[in-house]
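J.: Sharing a structure here in structure tokens format.
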Protein chains: 2
Amino acid sequence: METSNVIESFSALAQETRLAVFRLLVRQEPDGLAAGELARQLSVPHATMSAHLSVLSRAGLVVSRRQGRSIIYRANLNHMQEAIRFLVRDCCAGHPEVCGPLAESLIGYTPNQDKE
Amino acid sequence: METSNVIESFSALAQETRLAVFRLLVRQEPDGLAAGELARQLSVPHATMSAHLSVLSRAGLVVSRRQGRSIIYRANLNHMQEAIRFLVRDCCAGHPEVCGPLAESLIGYTPNQDKE
DNA sequence: TCCATATTTCCAAAATTATGGAATTATTGG
DNA sequence: CCAATAATTCCATAATTTTGGAAATATGGA
């Protein structure tokens with residue numbers, strides 16, 4: 001992933017509604033959610049939600065497909081994976097004391113822990 | 001890490017100069033770099049760099065200490081680690097097909113690979 | 001075809017962020 | 001104390017982002 005896309009992706013997630021949308025879509029995988037349903041669940045006007053979805057979409061963080069009258073949005077987990085990889089590479093570069101614990105926490109990961 | 005700080009951190013990194021500053025500081029660990037040196041190396045006016053550093057600092061991504069006339073900035077790797085952990089938790093939640101490969105690439109990490 | 005539903009596009013106002021010269025605040029050396 | 005160096009703060013301008021009502025576009029069913 002090149003830095004211009006990294007910036008676009010961080011910028012997309014650096015907004016309350018959009019971060020909430022992305023997190024919600026991750027939890028809805030692999031089904032996704034319709035645009036209107038996202039607007040309703042997050043109490044955001046249609047036009048505003050549409051603008052946010054287009055930002056997330058341009059960044060590559062979500063993908064959409066039409067299904068009847070609705071447009072279903074899904075989180076693009078591969079893209080997120082690439083973004084994380086970018087951060088890890090820069091962050092760990094020569095600093096295994098950071099990388100190590102991260103890797104451990106990934107290995108020991110169990111889906112049940114959901115605390116902040 | 002709470003979502004407000006996550007947003008602040010992403011927002012801080014979602015800007016060309018600031019992302020460059022952070023990456024440079026990671027490579028300079030653990031010595032850090034003076035504010036003026038950062039401005040010079042990245043060809044940014046002092047006042048502008050100072051504003052960017054204060055954004056990174058407020059987000060917790062960098063820390064600073066005075067040394068004589070200079071103020072030395074360092075990357076806060078622990079903070080970055082927390083930010084990555086947040087992403088991974090949301091991204092992997094119930095999706096080991098994403099989490100697994102990430103963990104592998106962390107385990108198999110060697111500092112020499114530096115491709116984009 | 002006509003109507004209801006789902007979304008997006010248009011557009012303009014409000015809010016936030018970025019920029020950088022000039023002034024101000026610290027620190028060190030003579 | 002004074003001059004030089006290093007940074008930050010002040011402040012105004014420019015640029016970008018966010019917001020959401022109203023209009024336009026697309027789809028499916030009667």
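So you can find residues: chains in the structure tokens are A, B, ... in the order shown, residues in each start at 1, and ligands are numbered from 1 in order.
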Is it possible to see chain A as a CSV table (one decimal) with C-alpha atoms, in the first residue's frame, once it has been laid onto chain B by a least-squares fit on every C-alpha atom in order?
T.:
```
chain,number,residue,atom,x,y,z
A,1,MET,CA,-7.5,2.9,23.9
A,2,GLU,CA,-10.9,4.7,23.6
A,3,THR,CA,-12.4,5.6,20.3
A,4,SER,CA,-11.9,9.3,20.8
A,5,ASN,CA,-8.2,8.8,21.0
A,6,VAL,CA,-8.2,6.4,18.1
A,7,ILE,CA,-9.9,9.1,16.0
A,8,GLU,CA,-7.4,11.7,17.2
A,9,SER,CA,-4.5,9.3,16.3
A,10,PHE,CA,-5.7,8.4,12.9
A,11,SER,CA,-6.5,12.1,12.2
A,12,ALA,CA,-2.9,13.0,13.2
A,13,LEU,CA,-1.4,10.4,10.8
A,14,ALA,CA,-3.8,11.3,8.0
A,15,GLN,CA,-1.6,14.2,6.8
A,16,GLU,CA,1.4,13.9,4.5
A,17,THR,CA,3.9,15.9,6.6
A,18,ARG,CA,2.8,14.4,9.9
A,19,LEU,CA,2.9,10.8,8.6
A,20,ALA,CA,6.4,11.6,7.2
A,21,VAL,CA,7.5,13.0,10.6
A,22,PHE,CA,6.2,9.9,12.4
A,23,ARG,CA,7.9,7.5,10.1
A,24,LEU,CA,11.2,9.5,10.3
A,25,LEU,CA,11.0,9.5,14.1
A,26,VAL,CA,10.4,5.7,14.2
A,27,ARG,CA,13.6,5.2,12.2
A,28,GLN,CA,15.5,7.6,14.5
A,29,GLU,CA,14.5,5.6,17.6
A,30,PRO,CA,15.6,5.7,20.3
A,31,ASP,CA,17.6,9.0,19.8
A,32,GLY,CA,14.8,11.2,18.4
A,33,LEU,CA,15.2,14.4,16.5
A,34,ALA,CA,15.0,18.1,17.3
A,35,ALA,CA,12.1,20.1,16.0
A,36,GLY,CA,14.3,22.3,13.8
A,37,GLU,CA,16.0,19.2,12.4
A,38,LEU,CA,12.7,17.7,11.4
A,39,ALA,CA,11.7,21.0,9.8
A,40,ARG,CA,14.9,21.1,7.9
A,41,GLN,CA,14.9,17.5,6.7
A,42,LEU,CA,11.3,17.6,5.5
A,43,SER,CA,11.6,21.2,4.1
A,44,VAL,CA,8.8,22.6,6.1
A,45,PRO,CA,8.7,26.1,7.7
A,46,HIS,CA,9.3,26.1,11.5
A,47,ALA,CA,5.9,27.4,12.5
A,48,THR,CA,4.2,24.8,10.3
A,49,MET,CA,6.3,22.0,11.7
A,50,SER,CA,5.6,23.2,15.2
A,51,ALA,CA,1.8,23.0,14.5
A,52,HIS,CA,2.1,19.5,13.2
A,53,LEU,CA,4.2,18.4,16.1
A,54,SER,CA,1.7,19.7,18.5
A,55,VAL,CA,-1.0,17.6,16.7
A,56,LEU,CA,1.1,14.5,16.9
A,57,SER,CA,1.9,15.2,20.5
A,58,ARG,CA,-1.7,15.8,21.6
A,59,ALA,CA,-2.6,12.5,20.0
A,60,GLY,CA,0.1,10.8,22.0
A,61,LEU,CA,2.0,9.6,19.0
A,62,VAL,CA,5.2,11.5,19.9
A,63,VAL,CA,6.8,12.7,23.1
A,64,SER,CA,9.3,15.5,23.6
A,65,ARG,CA,11.9,16.7,26.0
A,66,ARG,CA,14.0,19.8,26.1
A,67,GLN,CA,17.7,19.4,25.6
A,68,GLY,CA,19.5,22.7,25.8
A,69,ARG,CA,18.0,25.0,23.3
A,70,SER,CA,16.5,22.2,21.3
A,71,ILE,CA,13.3,20.2,21.9
A,72,ILE,CA,13.8,16.6,21.0
A,73,TYR,CA,10.9,14.6,19.7
A,74,ARG,CA,10.6,10.8,19.8
A,75,ALA,CA,8.0,8.4,18.4
A,76,ASN,CA,5.8,6.8,21.1
A,77,LEU,CA,5.9,3.2,20.0
A,78,ASN,CA,3.7,2.0,22.8
A,79,HIS,CA,1.0,4.3,21.6
A,80,MET,CA,1.3,3.0,18.1
A,81,GLN,CA,1.1,-0.5,19.4
A,82,GLU,CA,-2.1,0.3,21.2
A,83,ALA,CA,-3.6,1.9,18.0
A,84,ILE,CA,-2.7,-1.2,16.0
A,85,ARG,CA,-4.2,-3.4,18.7
A,86,PHE,CA,-7.5,-1.5,18.4
A,87,LEU,CA,-7.6,-2.0,14.7
A,88,VAL,CA,-6.7,-5.6,14.9
A,89,ARG,CA,-9.4,-6.2,17.5
A,90,ASP,CA,-12.1,-4.7,15.4
A,91,CYS,CA,-10.8,-6.1,12.2
A,92,CYS,CA,-10.2,-9.6,13.4
A,93,ALA,CA,-13.3,-9.9,15.6
A,94,GLY,CA,-14.6,-13.2,14.5
A,95,HIS,CA,-12.4,-13.2,11.4
A,96,PRO,CA,-9.4,-15.4,12.0
A,97,GLU,CA,-8.8,-15.6,8.2
A,98,VAL,CA,-7.6,-12.0,8.5
A,99,CYS,CA,-5.9,-12.2,11.8
A,100,GLY,CA,-4.0,-15.4,11.1
A,101,PRO,CA,-2.0,-14.2,8.1
A,102,LEU,CA,-1.2,-10.9,9.9
A,103,ALA,CA,0.2,-12.8,12.9
A,104,GLU,CA,2.3,-15.0,10.6
A,105,SER,CA,3.8,-12.0,8.9
A,106,LEU,CA,4.6,-10.5,12.3
A,107,ILE,CA,6.3,-13.7,13.5
A,108,GLY,CA,8.3,-14.1,10.3
A,109,TYR,CA,9.3,-10.5,10.4
A,110,THR,CA,12.9,-9.5,9.6
A,111,PRO,CA,14.0,-5.8,9.8
A,112,ASN,CA,15.7,-6.0,6.4
A,113,GLN,CA,12.6,-5.9,4.2
A,114,ASP,CA,11.9,-2.3,3.4
A,115,LYS,CA,9.9,-2.4,0.2
A,116,GLU,CA,6.7,-0.6,-0.4
```
J.: Sort by chain and increasing residue number a table of all residues of chain D within 10 Å of chain A, each with its closest pair of atoms and their distance in Å to one decimal, counting only C-alpha atoms (C1' of nucleotides), and write it as CSV.
T.:
```
residue,atom,partner,partner_atom,distance
D:DT18,C1',A:Thr48,CA,8.4
D:DT19,C1',A:Thr48,CA,6.4
D:DG20,C1',A:Thr48,CA,6.3
D:DG21,C1',A:Ala47,CA,8.9
D:DA26,C1',A:Arg69,CA,7.6
D:DT27,C1',A:Arg69,CA,5.1
D:DG28,C1',A:Arg69,CA,7.4
```
J.: Convert the current residue selection to file output with C-alpha atoms (C1' of nucleotides), as a short mmCIF file (atom, residue, chain, number, x, y, z; two decimals), in the first residue's frame.
T.:
```
data_model
loop_
_atom_site.label_atom_id
_atom_site.label_comp_id
_atom_site.auth_asym_id
_atom_site.auth_seq_id
_atom_site.Cartn_x
_atom_site.Cartn_y
_atom_site.Cartn_z
"C1'" DT D 18 -18.86 18.04 7.26
"C1'" DT D 19 -23.80 18.52 7.03
"C1'" DG D 20 -28.33 17.80 5.37
"C1'" DG D 21 -32.57 19.49 2.68
"C1'" DA D 26 -32.66 3.58 -10.11
"C1'" DT D 27 -35.46 -0.50 -9.02
"C1'" DG D 28 -39.42 -3.38 -8.31
#
```
J.: Quick one: which chain C residues come within 8 Å of chain B, and what is the nearest atom pair for each with the distance in Å to one decimal, counting only C-alpha atoms (C1' of nucleotides), rows ordered by chain and ascending number, as a tab-separated table?
T.:
```
residue	atom	partner	partner_atom	distance
C:DT19	C1'	B:Thr48	CA	6.4
C:DG20	C1'	B:Ala47	CA	6.4
C:DA26	C1'	B:Arg69	CA	7.2
C:DT27	C1'	B:Arg69	CA	5.1
C:DT28	C1'	B:Arg69	CA	7.4
```
J.: Okay, now the selection with N, CA and C atoms (P, O5', C5', C4', C3', O3' and C1' of nucleotides), as a PDB file, in the first residue's frame?
T.:
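Written out: selection_20.pdb:
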```pdb
ATOM      1  P    DT C  19      -0.162  22.064   5.436  1.00  0.00           P
ATOM      2  O5'  DT C  19       0.174  23.602   5.342  1.00  0.00           O
ATOM      3  C5'  DT C  19      -0.830  24.477   4.894  1.00  0.00           C
ATOM      4  C4'  DT C  19      -0.253  25.865   4.709  1.00  0.00           C
ATOM      5  C3'  DT C  19       1.221  26.017   5.071  1.00  0.00           C
ATOM      6  O3'  DT C  19       1.887  26.759   4.063  1.00  0.00           O
ATOM      7  C1'  DT C  19      -0.120  27.476   6.406  1.00  0.00           C
ATOM      8  P    DG C  20       3.493  26.791   3.986  1.00  0.00           P
ATOM      9  O5'  DG C  20       3.815  28.173   4.714  1.00  0.00           O
ATOM     10  C5'  DG C  20       3.300  29.370   4.181  1.00  0.00           C
ATOM     11  C4'  DG C  20       3.590  30.513   5.139  1.00  0.00           C
ATOM     12  C3'  DG C  20       5.021  30.504   5.705  1.00  0.00           C
ATOM     13  O3'  DG C  20       5.446  31.861   5.841  1.00  0.00           O
ATOM     14  C1'  DG C  20       3.497  30.523   7.460  1.00  0.00           C
ATOM     15  P    DA C  26       8.903  31.658  28.988  1.00  0.00           P
ATOM     16  O5'  DA C  26       9.899  30.465  28.706  1.00  0.00           O
ATOM     17  C5'  DA C  26      11.018  30.705  27.934  1.00  0.00           C
ATOM     18  C4'  DA C  26      11.723  29.413  27.633  1.00  0.00           C
ATOM     19  C3'  DA C  26      12.882  29.155  28.590  1.00  0.00           C
ATOM     20  O3'  DA C  26      13.182  27.759  28.624  1.00  0.00           O
ATOM     21  C1'  DA C  26      13.693  29.883  26.467  1.00  0.00           C
ATOM     22  P    DT C  27      14.249  27.200  29.697  1.00  0.00           P
ATOM     23  O5'  DT C  27      15.627  27.344  28.924  1.00  0.00           O
ATOM     24  C5'  DT C  27      15.823  26.569  27.742  1.00  0.00           C
ATOM     25  C4'  DT C  27      17.200  26.852  27.167  1.00  0.00           C
ATOM     26  C3'  DT C  27      18.311  26.942  28.220  1.00  0.00           C
ATOM     27  O3'  DT C  27      19.348  26.061  27.836  1.00  0.00           O
ATOM     28  C1'  DT C  27      18.414  28.772  26.729  1.00  0.00           C
ATOM     29  P    DT C  28      20.526  25.657  28.842  1.00  0.00           P
ATOM     30  O5'  DT C  28      21.800  26.227  28.080  1.00  0.00           O
ATOM     31  C5'  DT C  28      21.960  25.940  26.685  1.00  0.00           C
ATOM     32  C4'  DT C  28      22.965  26.903  26.088  1.00  0.00           C
ATOM     33  C3'  DT C  28      24.225  27.082  26.949  1.00  0.00           C
ATOM     34  O3'  DT C  28      25.355  26.710  26.167  1.00  0.00           O
ATOM     35  C1'  DT C  28      23.365  29.188  26.215  1.00  0.00           C
TER      36       DT C  28
END
```
J.: Please identify the strand (DSSP E or B) residues within chain A (assignment by DSSP from backbone atoms) and present them as a ChimeraX atom specification.
T.: /A:33-34,62-67,70-75
J.: Store the residues picked out above in a file with C-alpha atoms, as a tab-separated table (two decimals), in the first residue's frame.
T.:
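Dumped everything to part-v7.tsv:
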```
chain	number	residue	atom	x	y	z
A	33	LEU	CA	-25.67	-3.91	5.56
A	34	ALA	CA	-27.76	-1.66	3.31
A	62	VAL	CA	-15.68	-0.83	2.07
A	63	VAL	CA	-17.17	-2.33	-1.06
A	64	SER	CA	-20.77	-2.24	-2.25
A	65	ARG	CA	-23.11	-4.09	-4.51
A	66	ARG	CA	-26.66	-3.40	-5.54
A	67	GLN	CA	-29.30	-5.82	-4.38
A	70	SER	CA	-30.82	-1.46	-1.77
A	71	ILE	CA	-27.08	-1.04	-1.96
A	72	ILE	CA	-25.30	-3.40	0.38
A	73	TYR	CA	-22.03	-2.31	1.93
A	74	ARG	CA	-19.39	-4.66	3.27
A	75	ALA	CA	-16.13	-4.08	5.10
```
J.: So that I can check the surroundings of DG30 (chain C), please list as a list in words every protein, DNA and RNA residue that reaches within 12 Å of it, counting only C-alpha atoms (C1' of nucleotides) and ignoring chain neighbours fewer than 5 positions away.
T.: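 Using only C-alpha atoms (C1' of nucleotides), the neighbours found are DC1, DC2, DA3 and DA4 of chain D.
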J.: If you keep all heavy atoms, can you produce a file of those selected residues as a PDB file, in the first residue's frame?
T.:
```pdb
ATOM      1  P    DC D   1      20.130  41.542  33.457  1.00  0.00           P
ATOM      2  OP1  DC D   1      19.848  42.072  34.688  1.00  0.00           O
ATOM      3  OP2  DC D   1      19.151  41.505  32.491  1.00  0.00           O
ATOM      4  O5'  DC D   1      21.601  42.016  33.192  1.00  0.00           O
ATOM      5  C5'  DC D   1      21.987  43.411  33.172  1.00  0.00           C
ATOM      6  C4'  DC D   1      22.696  43.640  31.864  1.00  0.00           C
ATOM      7  O4'  DC D   1      23.648  42.567  31.643  1.00  0.00           O
ATOM      8  C3'  DC D   1      21.763  43.615  30.662  1.00  0.00           C
ATOM      9  O3'  DC D   1      22.260  44.527  29.669  1.00  0.00           O
ATOM     10  C2'  DC D   1      21.846  42.169  30.180  1.00  0.00           C
ATOM     11  C1'  DC D   1      23.298  41.813  30.476  1.00  0.00           C
ATOM     12  N1   DC D   1      23.517  40.373  30.782  1.00  0.00           N
ATOM     13  C2   DC D   1      24.502  39.676  30.060  1.00  0.00           C
ATOM     14  O2   DC D   1      25.158  40.288  29.204  1.00  0.00           O
ATOM     15  N3   DC D   1      24.702  38.365  30.301  1.00  0.00           N
ATOM     16  C4   DC D   1      23.979  37.754  31.240  1.00  0.00           C
ATOM     17  N4   DC D   1      24.218  36.447  31.458  1.00  0.00           N
ATOM     18  C5   DC D   1      22.993  38.440  31.997  1.00  0.00           C
ATOM     19  C6   DC D   1      22.792  39.732  31.732  1.00  0.00           C
ATOM     20  P    DC D   2      21.396  44.896  28.367  1.00  0.00           P
ATOM     21  OP1  DC D   2      21.623  46.330  28.073  1.00  0.00           O
ATOM     22  OP2  DC D   2      20.023  44.387  28.561  1.00  0.00           O
ATOM     23  O5'  DC D   2      22.106  44.045  27.229  1.00  0.00           O
ATOM     24  C5'  DC D   2      23.510  44.207  27.006  1.00  0.00           C
ATOM     25  C4'  DC D   2      23.956  43.355  25.830  1.00  0.00           C
ATOM     26  O4'  DC D   2      24.157  41.986  26.274  1.00  0.00           O
ATOM     27  C3'  DC D   2      22.947  43.291  24.688  1.00  0.00           C
ATOM     28  O3'  DC D   2      23.658  43.337  23.447  1.00  0.00           O
ATOM     29  C2'  DC D   2      22.238  41.948  24.908  1.00  0.00           C
ATOM     30  C1'  DC D   2      23.373  41.096  25.484  1.00  0.00           C
ATOM     31  N1   DC D   2      22.943  39.985  26.358  1.00  0.00           N
ATOM     32  C2   DC D   2      23.614  38.758  26.295  1.00  0.00           C
ATOM     33  O2   DC D   2      24.549  38.622  25.500  1.00  0.00           O
ATOM     34  N3   DC D   2      23.230  37.750  27.098  1.00  0.00           N
ATOM     35  C4   DC D   2      22.213  37.919  27.958  1.00  0.00           C
ATOM     36  N4   DC D   2      21.870  36.886  28.744  1.00  0.00           N
ATOM     37  C5   DC D   2      21.507  39.155  28.048  1.00  0.00           C
ATOM     38  C6   DC D   2      21.899  40.150  27.237  1.00  0.00           C
ATOM     39  P    DA D   3      22.829  43.531  22.085  1.00  0.00           P
ATOM     40  OP1  DA D   3      23.384  44.684  21.334  1.00  0.00           O
ATOM     41  OP2  DA D   3      21.382  43.475  22.379  1.00  0.00           O
ATOM     42  O5'  DA D   3      23.247  42.199  21.300  1.00  0.00           O
ATOM     43  C5'  DA D   3      24.638  41.850  21.246  1.00  0.00           C
ATOM     44  C4'  DA D   3      24.773  40.435  20.706  1.00  0.00           C
ATOM     45  O4'  DA D   3      24.367  39.485  21.724  1.00  0.00           O
ATOM     46  C3'  DA D   3      23.888  40.163  19.488  1.00  0.00           C
ATOM     47  O3'  DA D   3      24.649  39.398  18.545  1.00  0.00           O
ATOM     48  C2'  DA D   3      22.720  39.374  20.054  1.00  0.00           C
ATOM     49  C1'  DA D   3      23.365  38.628  21.220  1.00  0.00           C
ATOM     50  N9   DA D   3      22.461  38.328  22.325  1.00  0.00           N
ATOM     51  C8   DA D   3      21.485  39.130  22.849  1.00  0.00           C
ATOM     52  N7   DA D   3      20.837  38.590  23.861  1.00  0.00           N
ATOM     53  C5   DA D   3      21.423  37.342  23.998  1.00  0.00           C
ATOM     54  C6   DA D   3      21.186  36.288  24.899  1.00  0.00           C
ATOM     55  N6   DA D   3      20.265  36.320  25.854  1.00  0.00           N
ATOM     56  N1   DA D   3      21.955  35.183  24.775  1.00  0.00           N
ATOM     57  C2   DA D   3      22.888  35.145  23.807  1.00  0.00           C
ATOM     58  N3   DA D   3      23.203  36.080  22.908  1.00  0.00           N
ATOM     59  C4   DA D   3      22.426  37.165  23.064  1.00  0.00           C
ATOM     60  P    DA D   4      24.001  38.999  17.144  1.00  0.00           P
ATOM     61  OP1  DA D   4      25.019  39.244  16.100  1.00  0.00           O
ATOM     62  OP2  DA D   4      22.659  39.617  17.031  1.00  0.00           O
ATOM     63  O5'  DA D   4      23.826  37.430  17.301  1.00  0.00           O
ATOM     64  C5'  DA D   4      24.943  36.651  17.741  1.00  0.00           C
ATOM     65  C4'  DA D   4      24.513  35.205  17.898  1.00  0.00           C
ATOM     66  O4'  DA D   4      23.721  35.067  19.110  1.00  0.00           O
ATOM     67  C3'  DA D   4      23.622  34.701  16.750  1.00  0.00           C
ATOM     68  O3'  DA D   4      24.038  33.389  16.382  1.00  0.00           O
ATOM     69  C2'  DA D   4      22.226  34.705  17.344  1.00  0.00           C
ATOM     70  C1'  DA D   4      22.499  34.419  18.815  1.00  0.00           C
ATOM     71  N9   DA D   4      21.492  34.936  19.729  1.00  0.00           N
ATOM     72  C8   DA D   4      20.849  36.139  19.694  1.00  0.00           C
ATOM     73  N7   DA D   4      19.981  36.324  20.668  1.00  0.00           N
ATOM     74  C5   DA D   4      20.072  35.152  21.401  1.00  0.00           C
ATOM     75  C6   DA D   4      19.412  34.720  22.567  1.00  0.00           C
ATOM     76  N6   DA D   4      18.499  35.439  23.213  1.00  0.00           N
ATOM     77  N1   DA D   4      19.722  33.494  23.041  1.00  0.00           N
ATOM     78  C2   DA D   4      20.635  32.765  22.395  1.00  0.00           C
ATOM     79  N3   DA D   4      21.327  33.064  21.293  1.00  0.00           N
ATOM     80  C4   DA D   4      20.990  34.294  20.847  1.00  0.00           C
TER      81       DA D   4
END
```
J.: Could you state the separation of C1' of DA13 (chain C) and C1' of DC11 (chain D) in Å, given to one decimal place?
T.: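 Rounded to one decimal, the two atoms are 24.1 Å apart.
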J.: One number please: C1' of DT25 (chain C) to C1' of DT13 (chain D), in Å, one decimal.
T.: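 The value is 25.1 Å.
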